[in-house]
file protein_2.pdb (PDB, C-alpha atoms, pLDDT in the B column)
ATOM      1  CA  GLN A 144     -28.244  -0.005 -48.061  1.00 92.00           C
ATOM      2  CA  VAL A 145     -27.614  -3.016 -50.251  1.00 95.00           C
ATOM      3  CA  ARG A 146     -27.926  -2.313 -53.947  1.00 96.00           C
ATOM      4  CA  LEU A 147     -27.915  -4.546 -56.995  1.00 98.00           C
ATOM      5  CA  VAL A 148     -28.063  -2.597 -60.234  1.00 98.00           C
ATOM      6  CA  GLU A 149     -28.415  -4.365 -63.555  1.00 98.00           C
ATOM      7  CA  SER A 150     -27.343  -2.826 -66.832  1.00 98.00           C
ATOM      8  CA  GLY A 151     -26.597  -3.834 -70.398  1.00 97.00           C
ATOM      9  CA  GLY A 152     -30.073  -4.715 -71.557  1.00 97.00           C
ATOM     10  CA  GLY A 153     -31.618  -3.383 -74.727  1.00 97.00           C
ATOM     11  CA  LEU A 154     -33.005  -4.232 -78.128  1.00 97.00           C
ATOM     12  CA  VAL A 155     -31.108  -6.813 -80.152  1.00 97.00           C
ATOM     13  CA  GLN A 156     -31.845  -8.727 -83.324  1.00 97.00           C
ATOM     14  CA  PRO A 157     -32.253 -12.503 -83.330  1.00 97.00           C
ATOM     15  CA  GLY A 158     -28.856 -14.125 -83.357  1.00 97.00           C
ATOM     16  CA  GLY A 159     -27.303 -11.172 -81.618  1.00 97.00           C
ATOM     17  CA  HIS A 160     -25.581 -10.947 -78.281  1.00 97.00           C
ATOM     18  CA  LEU A 161     -25.644  -8.874 -75.128  1.00 98.00           C
ATOM     19  CA  ARG A 162     -23.631  -8.699 -71.958  1.00 98.00           C
ATOM     20  CA  LEU A 163     -25.514  -7.908 -68.796  1.00 98.00           C
ATOM     21  CA  SER A 164     -23.830  -6.556 -65.697  1.00 98.00           C
ATOM     22  CA  CYS A 165     -24.964  -6.429 -62.097  1.00 98.00           C
ATOM     23  CA  THR A 166     -23.069  -3.947 -59.994  1.00 98.00           C
ATOM     24  CA  THR A 167     -23.448  -4.530 -56.286  1.00 97.00           C
ATOM     25  CA  SER A 168     -22.751  -2.413 -53.250  1.00 95.00           C
ATOM     26  CA  ARG A 169     -22.794  -2.925 -49.510  1.00 95.00           C
ATOM     27  CA  ILE A 170     -22.572  -6.695 -49.654  1.00 94.00           C
ATOM     28  CA  ASN A 171     -19.564  -8.899 -49.083  1.00 95.00           C
ATOM     29  CA  PHE A 172     -19.772 -10.015 -52.680  1.00 96.00           C
ATOM     30  CA  PRO A 173     -17.299 -12.936 -52.647  1.00 97.00           C
ATOM     31  CA  ILE A 174     -19.344 -14.870 -50.080  1.00 96.00           C
ATOM     32  CA  TYR A 175     -22.635 -14.548 -51.946  1.00 97.00           C
ATOM     33  CA  THR A 176     -24.003 -17.034 -54.416  1.00 98.00           C
ATOM     34  CA  MET A 177     -25.078 -14.967 -57.405  1.00 98.00           C
ATOM     35  CA  ALA A 178     -27.639 -15.691 -60.051  1.00 98.00           C
ATOM     36  CA  TRP A 179     -29.623 -14.358 -62.957  1.00 98.00           C
ATOM     37  CA  TYR A 180     -33.352 -14.807 -63.326  1.00 98.00           C
ATOM     38  CA  ARG A 181     -35.713 -13.527 -65.968  1.00 98.00           C
ATOM     39  CA  GLN A 182     -39.392 -12.820 -66.330  1.00 98.00           C
ATOM     40  CA  ALA A 183     -41.153 -12.671 -69.651  1.00 97.00           C
ATOM     41  CA  PRO A 184     -44.491 -10.880 -70.029  1.00 92.00           C
ATOM     42  CA  GLY A 185     -47.287 -12.939 -68.566  1.00 94.00           C
ATOM     43  CA  LYS A 186     -44.933 -15.573 -67.192  1.00 96.00           C
ATOM     44  CA  ASP A 187     -43.409 -16.392 -63.839  1.00 97.00           C
ATOM     45  CA  ARG A 188     -39.865 -15.418 -63.001  1.00 97.00           C
ATOM     46  CA  GLU A 189     -37.516 -18.226 -64.008  1.00 98.00           C
ATOM     47  CA  PHE A 190     -33.985 -19.235 -63.200  1.00 98.00           C
ATOM     48  CA  VAL A 191     -31.341 -18.590 -65.837  1.00 98.00           C
ATOM     49  CA  ALA A 192     -27.891 -19.173 -64.361  1.00 98.00           C
ATOM     50  CA  GLN A 193     -26.057 -19.293 -61.064  1.00 98.00           C
ATOM     51  CA  ILE A 194     -22.471 -18.951 -59.957  1.00 98.00           C
ATOM     52  CA  PHE A 195     -21.307 -20.142 -56.581  1.00 97.00           C
ATOM     53  CA  THR A 196     -18.621 -18.681 -54.367  1.00 96.00           C
ATOM     54  CA  ASN A 197     -16.097 -21.209 -55.655  1.00 95.00           C
ATOM     55  CA  GLY A 198     -16.813 -20.238 -59.253  1.00 96.00           C
ATOM     56  CA  SER A 199     -18.794 -23.309 -60.190  1.00 97.00           C
ATOM     57  CA  THR A 200     -21.845 -22.630 -62.322  1.00 98.00           C
ATOM     58  CA  LEU A 201     -25.314 -23.926 -63.001  1.00 98.00           C
ATOM     59  CA  TYR A 202     -27.510 -23.161 -66.001  1.00 98.00           C
ATOM     60  CA  ALA A 203     -31.096 -23.599 -67.005  1.00 97.00           C
ATOM     61  CA  ASP A 204     -31.450 -25.810 -70.056  1.00 96.00           C
ATOM     62  CA  SER A 205     -32.467 -22.765 -72.087  1.00 94.00           C
ATOM     63  CA  ALA A 206     -29.205 -21.023 -71.192  1.00 96.00           C
ATOM     64  CA  LYS A 207     -26.738 -23.857 -71.603  1.00 93.00           C
ATOM     65  CA  VAL A 208     -24.183 -23.302 -74.378  1.00 92.00           C
ATOM     66  CA  ARG A 209     -25.529 -19.836 -75.279  1.00 97.00           C
ATOM     67  CA  PHE A 210     -25.103 -17.998 -71.965  1.00 98.00           C
ATOM     68  CA  THR A 211     -22.105 -17.611 -69.673  1.00 98.00           C
ATOM     69  CA  ILE A 212     -22.301 -16.359 -66.116  1.00 98.00           C
ATOM     70  CA  ASP A 213     -19.220 -14.876 -64.534  1.00 98.00           C
ATOM     71  CA  ARG A 214     -18.257 -12.827 -61.515  1.00 98.00           C
ATOM     72  CA  ASP A 215     -15.571 -10.326 -60.653  1.00 98.00           C
ATOM     73  CA  ASN A 216     -15.078 -10.575 -56.924  1.00 97.00           C
ATOM     74  CA  ALA A 217     -12.617  -7.692 -56.850  1.00 97.00           C
ATOM     75  CA  GLN A 218     -15.128  -5.328 -58.450  1.00 97.00           C
ATOM     76  CA  SER A 219     -18.247  -6.948 -56.933  1.00 98.00           C
ATOM     77  CA  ILE A 220     -19.853  -7.319 -60.342  1.00 98.00           C
ATOM     78  CA  LEU A 221     -21.834 -10.173 -61.818  1.00 98.00           C
ATOM     79  CA  TYR A 222     -22.028 -10.727 -65.566  1.00 98.00           C
ATOM     80  CA  LEU A 223     -24.168 -12.644 -68.008  1.00 98.00           C
ATOM     81  CA  GLN A 224     -22.853 -13.008 -71.533  1.00 98.00           C
ATOM     82  CA  MET A 225     -25.693 -13.972 -73.854  1.00 98.00           C
ATOM     83  CA  THR A 226     -25.167 -15.130 -77.431  1.00 98.00           C
ATOM     84  CA  ASN A 227     -27.369 -16.321 -80.278  1.00 97.00           C
ATOM     85  CA  LEU A 228     -30.383 -14.635 -78.744  1.00 98.00           C
ATOM     86  CA  ASN A 229     -33.873 -15.494 -79.874  1.00 96.00           C
ATOM     87  CA  ASP A 230     -37.290 -14.026 -79.176  1.00 94.00           C
ATOM     88  CA  GLY A 231     -37.767 -16.531 -76.368  1.00 95.00           C
ATOM     89  CA  ASP A 232     -35.064 -14.667 -74.473  1.00 97.00           C
ATOM     90  CA  THR A 233     -37.136 -11.486 -74.354  1.00 98.00           C
ATOM     91  CA  ALA A 234     -37.671 -10.716 -70.686  1.00 98.00           C
ATOM     92  CA  VAL A 235     -36.677  -8.551 -67.781  1.00 98.00           C
ATOM     93  CA  TYR A 236     -33.452  -9.959 -66.370  1.00 98.00           C
ATOM     94  CA  TYR A 237     -32.881  -9.780 -62.640  1.00 98.00           C
ATOM     95  CA  CYS A 238     -29.735 -10.129 -60.593  1.00 98.00           C
ATOM     96  CA  ASN A 239     -29.995 -12.145 -57.382  1.00 97.00           C
ATOM     97  CA  ALA A 240     -27.668 -12.449 -54.414  1.00 97.00           C
ATOM     98  CA  ASP A 241     -28.038 -15.227 -51.839  1.00 95.00           C
ATOM     99  CA  GLY A 242     -26.119 -14.965 -48.598  1.00 91.00           C
ATOM    100  CA  PRO A 243     -24.282 -17.876 -46.960  1.00 89.00           C
ATOM    101  CA  ALA A 244     -26.079 -20.280 -44.645  1.00 85.00           C
ATOM    102  CA  TRP A 245     -25.110 -18.297 -41.557  1.00 87.00           C
ATOM    103  CA  HIS A 246     -26.481 -15.083 -43.053  1.00 83.00           C
ATOM    104  CA  SER A 247     -29.549 -16.185 -44.924  1.00 87.00           C
ATOM    105  CA  VAL A 248     -30.571 -13.144 -46.901  1.00 92.00           C
ATOM    106  CA  ARG A 249     -31.642 -12.679 -50.492  1.00 95.00           C
ATOM    107  CA  TYR A 250     -31.385  -9.526 -52.528  1.00 97.00           C
ATOM    108  CA  TRP A 251     -32.764  -8.604 -55.923  1.00 98.00           C
ATOM    109  CA  GLY A 252     -31.990  -5.936 -58.436  1.00 97.00           C
ATOM    110  CA  GLN A 253     -34.609  -3.877 -60.220  1.00 97.00           C
ATOM    111  CA  GLY A 254     -34.093  -5.669 -63.540  1.00 97.00           C
ATOM    112  CA  THR A 255     -32.991  -4.767 -67.027  1.00 98.00           C
ATOM    113  CA  GLN A 256     -35.114  -5.260 -70.134  1.00 98.00           C
ATOM    114  CA  VAL A 257     -33.841  -7.471 -72.932  1.00 98.00           C
ATOM    115  CA  THR A 258     -35.863  -7.434 -76.130  1.00 98.00           C
ATOM    116  CA  VAL A 259     -34.996  -9.691 -79.026  1.00 97.00           C
ATOM    117  CA  SER A 260     -36.750  -8.590 -82.180  1.00 95.00           C
ATOM    118  CA  SER A 261     -36.073  -7.975 -85.832  1.00 92.00           C
TER     119      SER A 261
END
call {"tool": "encode", "arguments": {"input": "protein_2.pdb", "output": "structure tokens"}}
result
Amino acid sequence: QVRLVESGGGLVQPGGHLRLSCTTSRINFPIYTMAWYRQAPGKDREFVAQIFTNGSTLYADSAKVRFTIDRDNAQSILYLQMTNLNDGDTAVYYCNADGPAWHSVRYWGQGTQVTVSS
């Protein structure tokens, strides 16, 4: 069974930082495009950042400069380093795995809560 398990969320003060991790199992991690999404209360799930199999990255405007997505193909782990957090970053953060074109599947983790508050 494929599993994506997020961790690293929590309560942080404005201006603080967090590093989220997404540990995966039972997927051929290096061939998956990986991404982070988030969903704030009362809002739709939104894209945060994406990292392709070749290591290239894509960020939402809200995440540019402050967030860094990275992947460890050897350990099958996805990361999101978040800095200078503000209350607009409060949300549940979800890990996403998209398979290659010849194996079009999409997997989601269960999410990890990030709360930015003083």
call {"tool": "residues_around", "arguments": {"input": "protein_2.pdb", "residues": "Val145 in chain A", "least_positions_apart": "3", "cutoff": "9 Å", "atoms": "only C-alpha atoms", "output": "PyMOL selection string"}}
result
chain A and resi 167-170+250
call {"tool": "resolve_selection", "arguments": {"input": "protein_2.pdb", "expression": "the PyMOL selection byres ((chain A and resi 151-160) around 10)", "output": "number ranges by chain"}}
result
A: 149-150, 161-165, 209-210, 222-236, 254-261
call {"tool": "axis_aligned_box", "arguments": {"input": "protein_2.pdb", "around": "range 224-233 of chain A", "padding_each_side": "3 Å", "output": "lines of an AutoDock Vina configuration file"}}
result
center_x = -30.3
center_y = -14.0
center_z = -75.9
size_x = 20.9
size_y = 11.0
size_z = 14.7
call {"tool": "closest_residue", "arguments": {"input": "protein_2.pdb", "among": "A:Gly242, A:Ile174, A:Gln253, A:Ala192", "to": "Ser205 in chain A", "atoms": "all atoms listed in the file"}}
result
A:Ala192
call {"tool": "residues_around", "arguments": {"input": "protein_2.pdb", "residues": "Ser247 in chain A", "least_positions_apart": "4", "cutoff": "12 Å", "atoms": "only C-alpha atoms", "output": "list of chain:residue names"}}
result
A:Ile174, A:Tyr175, A:Thr176, A:Ala240, A:Asp241, A:Gly242, A:Pro243
call {"tool": "atom_distance", "arguments": {"input": "protein_2.pdb", "atom1": "CA of Glu189 in chain A", "atom2": "CA of His246 in chain A"}}
result
23.9 Å
call {"tool": "atom_distance", "arguments": {"input": "protein_2.pdb", "atom1": "CA of Thr211 in chain A", "atom2": "CA of Ile194 in chain A"}}
result
9.8 Å
call {"tool": "build_atoms", "arguments": {"input": "protein_2.pdb", "residues": "range 226-247 of chain A", "atoms": "N, CA and C atoms", "output": "PDB file, in the frame of the given file"}}
result
ATOM      1  N   THR A 226     -25.422 -15.058 -76.001  1.00 98.00           N
ATOM      2  CA  THR A 226     -25.167 -15.130 -77.431  1.00 98.00           C
ATOM      3  C   THR A 226     -26.313 -15.837 -78.133  1.00 98.00           C
ATOM      4  N   ASN A 227     -26.361 -15.666 -79.452  1.00 97.00           N
ATOM      5  CA  ASN A 227     -27.369 -16.321 -80.278  1.00 97.00           C
ATOM      6  C   ASN A 227     -28.767 -16.148 -79.680  1.00 97.00           C
ATOM      7  N   LEU A 228     -29.106 -14.929 -79.393  1.00 98.00           N
ATOM      8  CA  LEU A 228     -30.383 -14.635 -78.744  1.00 98.00           C
ATOM      9  C   LEU A 228     -31.546 -14.882 -79.688  1.00 98.00           C
ATOM     10  N   ASN A 229     -32.649 -15.300 -79.108  1.00 96.00           N
ATOM     11  CA  ASN A 229     -33.873 -15.494 -79.874  1.00 96.00           C
ATOM     12  C   ASN A 229     -35.023 -14.818 -79.143  1.00 96.00           C
ATOM     13  N   ASP A 230     -36.186 -14.784 -79.783  1.00 94.00           N
ATOM     14  CA  ASP A 230     -37.290 -14.026 -79.176  1.00 94.00           C
ATOM     15  C   ASP A 230     -37.748 -14.644 -77.865  1.00 94.00           C
ATOM     16  N   GLY A 231     -37.432 -15.905 -77.648  1.00 95.00           N
ATOM     17  CA  GLY A 231     -37.767 -16.531 -76.368  1.00 95.00           C
ATOM     18  C   GLY A 231     -36.946 -16.003 -75.209  1.00 95.00           C
ATOM     19  N   ASP A 232     -35.898 -15.248 -75.522  1.00 97.00           N
ATOM     20  CA  ASP A 232     -35.064 -14.667 -74.473  1.00 97.00           C
ATOM     21  C   ASP A 232     -35.557 -13.287 -74.048  1.00 97.00           C
ATOM     22  N   THR A 233     -36.580 -12.786 -74.723  1.00 98.00           N
ATOM     23  CA  THR A 233     -37.136 -11.486 -74.354  1.00 98.00           C
ATOM     24  C   THR A 233     -37.734 -11.545 -72.958  1.00 98.00           C
ATOM     25  N   ALA A 234     -37.239 -10.691 -72.086  1.00 98.00           N
ATOM     26  CA  ALA A 234     -37.671 -10.716 -70.686  1.00 98.00           C
ATOM     27  C   ALA A 234     -36.978  -9.594 -69.932  1.00 98.00           C
ATOM     28  N   VAL A 235     -37.442  -9.372 -68.714  1.00 98.00           N
ATOM     29  CA  VAL A 235     -36.677  -8.551 -67.781  1.00 98.00           C
ATOM     30  C   VAL A 235     -35.740  -9.480 -67.033  1.00 98.00           C
ATOM     31  N   TYR A 236     -34.478  -9.124 -67.016  1.00 98.00           N
ATOM     32  CA  TYR A 236     -33.452  -9.959 -66.370  1.00 98.00           C
ATOM     33  C   TYR A 236     -33.095  -9.354 -65.018  1.00 98.00           C
ATOM     34  N   TYR A 237     -33.122 -10.218 -64.011  1.00 98.00           N
ATOM     35  CA  TYR A 237     -32.881  -9.780 -62.640  1.00 98.00           C
ATOM     36  C   TYR A 237     -31.626 -10.434 -62.069  1.00 98.00           C
ATOM     37  N   CYS A 238     -30.899  -9.656 -61.334  1.00 98.00           N
ATOM     38  CA  CYS A 238     -29.735 -10.129 -60.593  1.00 98.00           C
ATOM     39  C   CYS A 238     -30.185 -10.536 -59.192  1.00 98.00           C
ATOM     40  N   ASN A 239     -29.616 -11.614 -58.689  1.00 97.00           N
ATOM     41  CA  ASN A 239     -29.995 -12.145 -57.382  1.00 97.00           C
ATOM     42  C   ASN A 239     -28.744 -12.462 -56.582  1.00 97.00           C
ATOM     43  N   ALA A 240     -28.784 -12.140 -55.305  1.00 97.00           N
ATOM     44  CA  ALA A 240     -27.668 -12.449 -54.414  1.00 97.00           C
ATOM     45  C   ALA A 240     -28.203 -13.218 -53.214  1.00 97.00           C
ATOM     46  N   ASP A 241     -27.668 -14.391 -52.982  1.00 95.00           N
ATOM     47  CA  ASP A 241     -28.038 -15.227 -51.839  1.00 95.00           C
ATOM     48  C   ASP A 241     -26.873 -15.291 -50.855  1.00 95.00           C
ATOM     49  N   GLY A 242     -27.159 -14.928 -49.599  1.00 91.00           N
ATOM     50  CA  GLY A 242     -26.119 -14.965 -48.598  1.00 91.00           C
ATOM     51  C   GLY A 242     -25.783 -16.380 -48.175  1.00 91.00           C
ATOM     52  N   PRO A 243     -24.663 -16.546 -47.444  1.00 89.00           N
ATOM     53  CA  PRO A 243     -24.282 -17.876 -46.960  1.00 89.00           C
ATOM     54  C   PRO A 243     -25.277 -18.385 -45.928  1.00 89.00           C
ATOM     55  N   ALA A 244     -25.122 -19.643 -45.551  1.00 85.00           N
ATOM     56  CA  ALA A 244     -26.079 -20.280 -44.645  1.00 85.00           C
ATOM     57  C   ALA A 244     -26.201 -19.544 -43.312  1.00 85.00           C
ATOM     58  N   TRP A 245     -25.096 -18.978 -42.850  1.00 87.00           N
ATOM     59  CA  TRP A 245     -25.110 -18.297 -41.557  1.00 87.00           C
ATOM     60  C   TRP A 245     -25.629 -16.870 -41.645  1.00 87.00           C
ATOM     61  N   HIS A 246     -25.937 -16.438 -42.853  1.00 83.00           N
ATOM     62  CA  HIS A 246     -26.481 -15.083 -43.053  1.00 83.00           C
ATOM     63  C   HIS A 246     -27.476 -15.175 -44.193  1.00 83.00           C
ATOM     64  N   SER A 247     -28.596 -15.814 -43.881  1.00 87.00           N
ATOM     65  CA  SER A 247     -29.549 -16.185 -44.924  1.00 87.00           C
ATOM     66  C   SER A 247     -30.376 -14.984 -45.360  1.00 87.00           C
TER      67      SER A 247
END
